[in-house]
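Peer 1: Handing you a structure now.
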Amino acid sequence: MPAPSIKSILAAPLVLVYRSLAGVFEAWRRISAFAALRARLAIPLPASTVILGRAQVYGTGRIRFGEDLLLYPGLYLETQENAEIVVEDGAVLSSGVHLVAYAGIHIGKGSMIGEYTSIRDANHTREEAQSLRDSGHVARPVFIGSQVWIGRGVTVLGGVTIGDGATVGANAVVTRDVAAGSVVAGVPATPIARRSAPSQEVAGNLR
């Protein structure tokens with residue numbers, strides 16, 4: 001057998017340290033991430049929030065979190081002007097979720113937002129004699145009901161309402177309202193089923 005490399009020899013004691021202190025490191029990471037998020041918010045963050053890694057917060061910090069949330073690392077949260085982001089009790093925001101509000105974003109109880117989903121309530125406009133960057137925007141609030149399941153990589157545009165219990169398939173672009181209990185997928189998102197016991201397996205394949 002080949003002799004162990006210098007890297008392996010040097011790493012061995014560090015591996016033992018990390019294994020023995022894994023629980024301590026994880027607890028510190030969660031507490032640190034919680035404190036960093038709480039410091040950036042204009043509204044108190046409930047102690048029941050479980051946050052697994054750092055979130056980025058920009059703008060006014062007007063973000064209202066409910067109880068018993070699960071927040072994964074890499075969240076991007078932005079509020080501008082008078083907008084507020086509201087995330088109700090028991091919701092899950094997965095890694096890389098982007099929430100950007102100029103008018104308002106509301107996420108209902110128990111809803112799950114998949115990895116790298118983008119929910120933005122504003123669109124750029126084009127104005128004569130102005131660069132795109134300096135032009136204005138049009139913002140309309142987004143409302144997502146309770147127990148909504150949004151798959152990985154979904155884009156939700158301004159002015160959309162997604163009803164209670166709806167499912168949105170991975171990588172869909174939601175440009176219009178989604179009825180409660182329906183399953184939508186595609187670009188733009190269109191209905192493919194109504195939620196029922198047999199359709200749950202179909203919905204699961206959309207993640």
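Chain identifiers are assigned as A, B, and so on, following the order in which chains appear in the structure tokens; residues are numbered from 1 within each chain, and ligands are numbered from 1 in order of appearance.
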Which neighbours of region 157-165 of chain A fall inside 8 Å, counting only C-alpha atoms, when residues of the same chain fewer than 5 positions from it are skipped, and could you give them as a ChimeraX atom specification?
Peer 2: /A:119-123,139-149,173-182,195
Peer 1: Please provide the set of residues having any atom within 8 Å of Ser48 (chain A), restricted to only C-alpha atoms, with same-chain residues fewer than 6 positions apart removed, written as a list in words.
Peer 2: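 Result of the neighbour search: Glu67, Asp68 and Leu69 of chain A.
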Peer 1: So that I can check the secondary structure, give me every residue of region 111-182 of chain A assigned strand (DSSP E or B) by backbone DSSP, as a list in words.
Peer 2: Met112, Ile113, Ser118, Ile119, Arg120, Ala122, Asn123, His124, His137, Val138, Ala139, Val142, Phe143, Ile144, Trp149, Ile150, Thr155, Val156, Thr161, Ile162, Thr167, Val168, Val173, Val174, Val178 and Ser182 of chain A
Peer 1: Please save C-alpha atoms of the selected residues as a PDB file, in the first residue's frame.
Peer 2:
```pdb
ATOM      1  CA  MET A 112     -41.773  25.409   1.878  1.00  0.00           C
ATOM      2  CA  ILE A 113     -39.654  27.396  -0.573  1.00  0.00           C
ATOM      3  CA  SER A 118     -36.410  33.894  -6.568  1.00  0.00           C
ATOM      4  CA  ILE A 119     -39.440  35.868  -5.385  1.00  0.00           C
ATOM      5  CA  ARG A 120     -39.286  39.512  -6.472  1.00  0.00           C
ATOM      6  CA  ALA A 122     -40.673  44.547  -8.775  1.00  0.00           C
ATOM      7  CA  ASN A 123     -39.668  44.820 -12.431  1.00  0.00           C
ATOM      8  CA  HIS A 124     -37.430  47.411 -14.081  1.00  0.00           C
ATOM      9  CA  HIS A 137     -39.511  50.119 -11.455  1.00  0.00           C
ATOM     10  CA  VAL A 138     -43.044  48.824 -11.074  1.00  0.00           C
ATOM     11  CA  ALA A 139     -43.792  46.859  -7.914  1.00  0.00           C
ATOM     12  CA  VAL A 142     -46.694  38.828  -3.878  1.00  0.00           C
ATOM     13  CA  PHE A 143     -48.892  36.660  -1.658  1.00  0.00           C
ATOM     14  CA  ILE A 144     -48.102  32.984  -1.062  1.00  0.00           C
ATOM     15  CA  TRP A 149     -44.766  23.806  -1.817  1.00  0.00           C
ATOM     16  CA  ILE A 150     -42.462  25.658  -4.212  1.00  0.00           C
ATOM     17  CA  THR A 155     -39.174  32.329 -10.206  1.00  0.00           C
ATOM     18  CA  VAL A 156     -42.236  34.151  -8.858  1.00  0.00           C
ATOM     19  CA  THR A 161     -50.999  35.158  -5.567  1.00  0.00           C
ATOM     20  CA  ILE A 162     -50.395  31.450  -4.937  1.00  0.00           C
ATOM     21  CA  THR A 167     -47.534  23.070  -5.552  1.00  0.00           C
ATOM     22  CA  VAL A 168     -45.136  24.733  -8.018  1.00  0.00           C
ATOM     23  CA  VAL A 173     -41.724  30.788 -13.842  1.00  0.00           C
ATOM     24  CA  VAL A 174     -44.926  31.944 -12.153  1.00  0.00           C
ATOM     25  CA  VAL A 178     -52.120  29.925  -8.934  1.00  0.00           C
ATOM     26  CA  SER A 182     -53.441  23.145  -7.816  1.00  0.00           C
TER      27      SER A 182
END
```
Peer 1: I need the residues in region 31-189 of chain A that are helix (DSSP H, G or I) according to DSSP; give them as a list of chain:residue names.
Peer 2: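 Matching residues for helix (DSSP H, G or I) in region 31-189 of chain A are A:Ile31, A:Ser32, A:Ala33, A:Phe34, A:Ala35, A:Ala36, A:Leu37, A:Arg38, A:Ala39, A:Arg40.
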Peer 1: Using only C-alpha atoms, which of the listed residues (A:Ala193, A:Leu70, A:Leu14, A:Leu77) sits closest to Ser94 (chain A)?
Peer 2: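 Using only C-alpha atoms, the shortest distance to Ser94 (chain A) belongs to A:Leu70.
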Peer 1: Taking into account only C-alpha atoms, which residue in the set A:Ser32, A:Ser5, A:Thr79, A:Ser111 is nearest to Leu52 (chain A)?
Peer 2: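 Selected residue with least distance to Leu52 (chain A): A:Ser32.
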Peer 1: Just to confirm, what's the straight-line distance from CA of Arg38 (chain A) to CA of Tyr72 (chain A) in Å (one decimal)?
Peer 2: 15.0 Å
Peer 1: Show which residues sit within 12 Å of Thr60 (chain A), as an NGL selection string. Count only C-alpha atoms, and ignore same-chain residues fewer than 4 positions away.
Peer 2: :A and (40-43 or 64 or 77-85 or 100-102)
Peer 1: Would you list the contacts of Leu37 (chain A) as a ChimeraX atom specification, taking every protein, DNA or RNA residue within 8 Å and counting only C-alpha atoms, but skipping same-chain residues closer than 3 positions in sequence?
Peer 2: /A:33-34,40-41,45,54-57
Peer 1: Determine, counting only C-alpha atoms, which protein, DNA and RNA residues have an atom within 8 Å of an atom of Glu88 (chain A); residues of the same chain fewer than 3 positions away are not included. Present the result as an mmCIF file with C-alpha atoms, in the first residue's frame.
Peer 2:
```
data_model
loop_
_atom_site.group_PDB
_atom_site.id
_atom_site.type_symbol
_atom_site.label_atom_id
_atom_site.label_comp_id
_atom_site.auth_asym_id
_atom_site.auth_seq_id
_atom_site.Cartn_x
_atom_site.Cartn_y
_atom_site.Cartn_z
ATOM 1 C CA PHE A 65 -40.537 36.220 10.873
ATOM 2 C CA GLY A 66 -43.025 33.936 12.599
ATOM 3 C CA GLU A 67 -42.356 31.129 15.057
ATOM 4 C CA ALA A 91 -42.277 27.989 6.981
ATOM 5 C CA HIS A 106 -46.134 37.423 2.266
ATOM 6 C CA ILE A 107 -45.407 33.706 2.792
ATOM 7 C CA GLY A 108 -48.059 31.755 4.683
ATOM 8 C CA LYS A 109 -47.871 29.199 7.466
ATOM 9 C CA GLY A 110 -46.040 25.950 6.804
#
```
Peer 1: Would you kindly return, as number ranges by chain, each protein, DNA or RNA residue with an atom no farther than 8 Å from any atom of Val97 (chain A), considering only C-alpha atoms and excluding same-chain residues fewer than 5 positions away?
Peer 2: A: 74-76, 113-118
Peer 1: Would you put the residues from that selection into a file with C-alpha atoms, as an mmCIF file, in the first residue's frame?
Peer 2:
```cif
data_model
loop_
_atom_site.group_PDB
_atom_site.id
_atom_site.type_symbol
_atom_site.label_atom_id
_atom_site.label_comp_id
_atom_site.auth_asym_id
_atom_site.auth_seq_id
_atom_site.Cartn_x
_atom_site.Cartn_y
_atom_site.Cartn_z
ATOM 1 C CA GLY A 74 -27.318 31.567 1.758
ATOM 2 C CA LEU A 75 -30.609 33.471 1.963
ATOM 3 C CA TYR A 76 -30.770 36.873 0.257
ATOM 4 C CA ILE A 113 -39.654 27.396 -0.573
ATOM 5 C CA GLY A 114 -37.136 25.308 -2.533
ATOM 6 C CA GLU A 115 -33.465 26.012 -3.147
ATOM 7 C CA TYR A 116 -32.506 29.035 -5.268
ATOM 8 C CA THR A 117 -36.085 30.198 -5.723
ATOM 9 C CA SER A 118 -36.410 33.894 -6.568
#
```
Peer 1: Rounded to one decimal, what separation in Å do you get between CA of Ser135 (chain A) and CA of Arg62 (chain A)?
Peer 2: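 Calculated distance between CA of Ser135 (chain A) and CA of Arg62 (chain A) is 24.2 Å.
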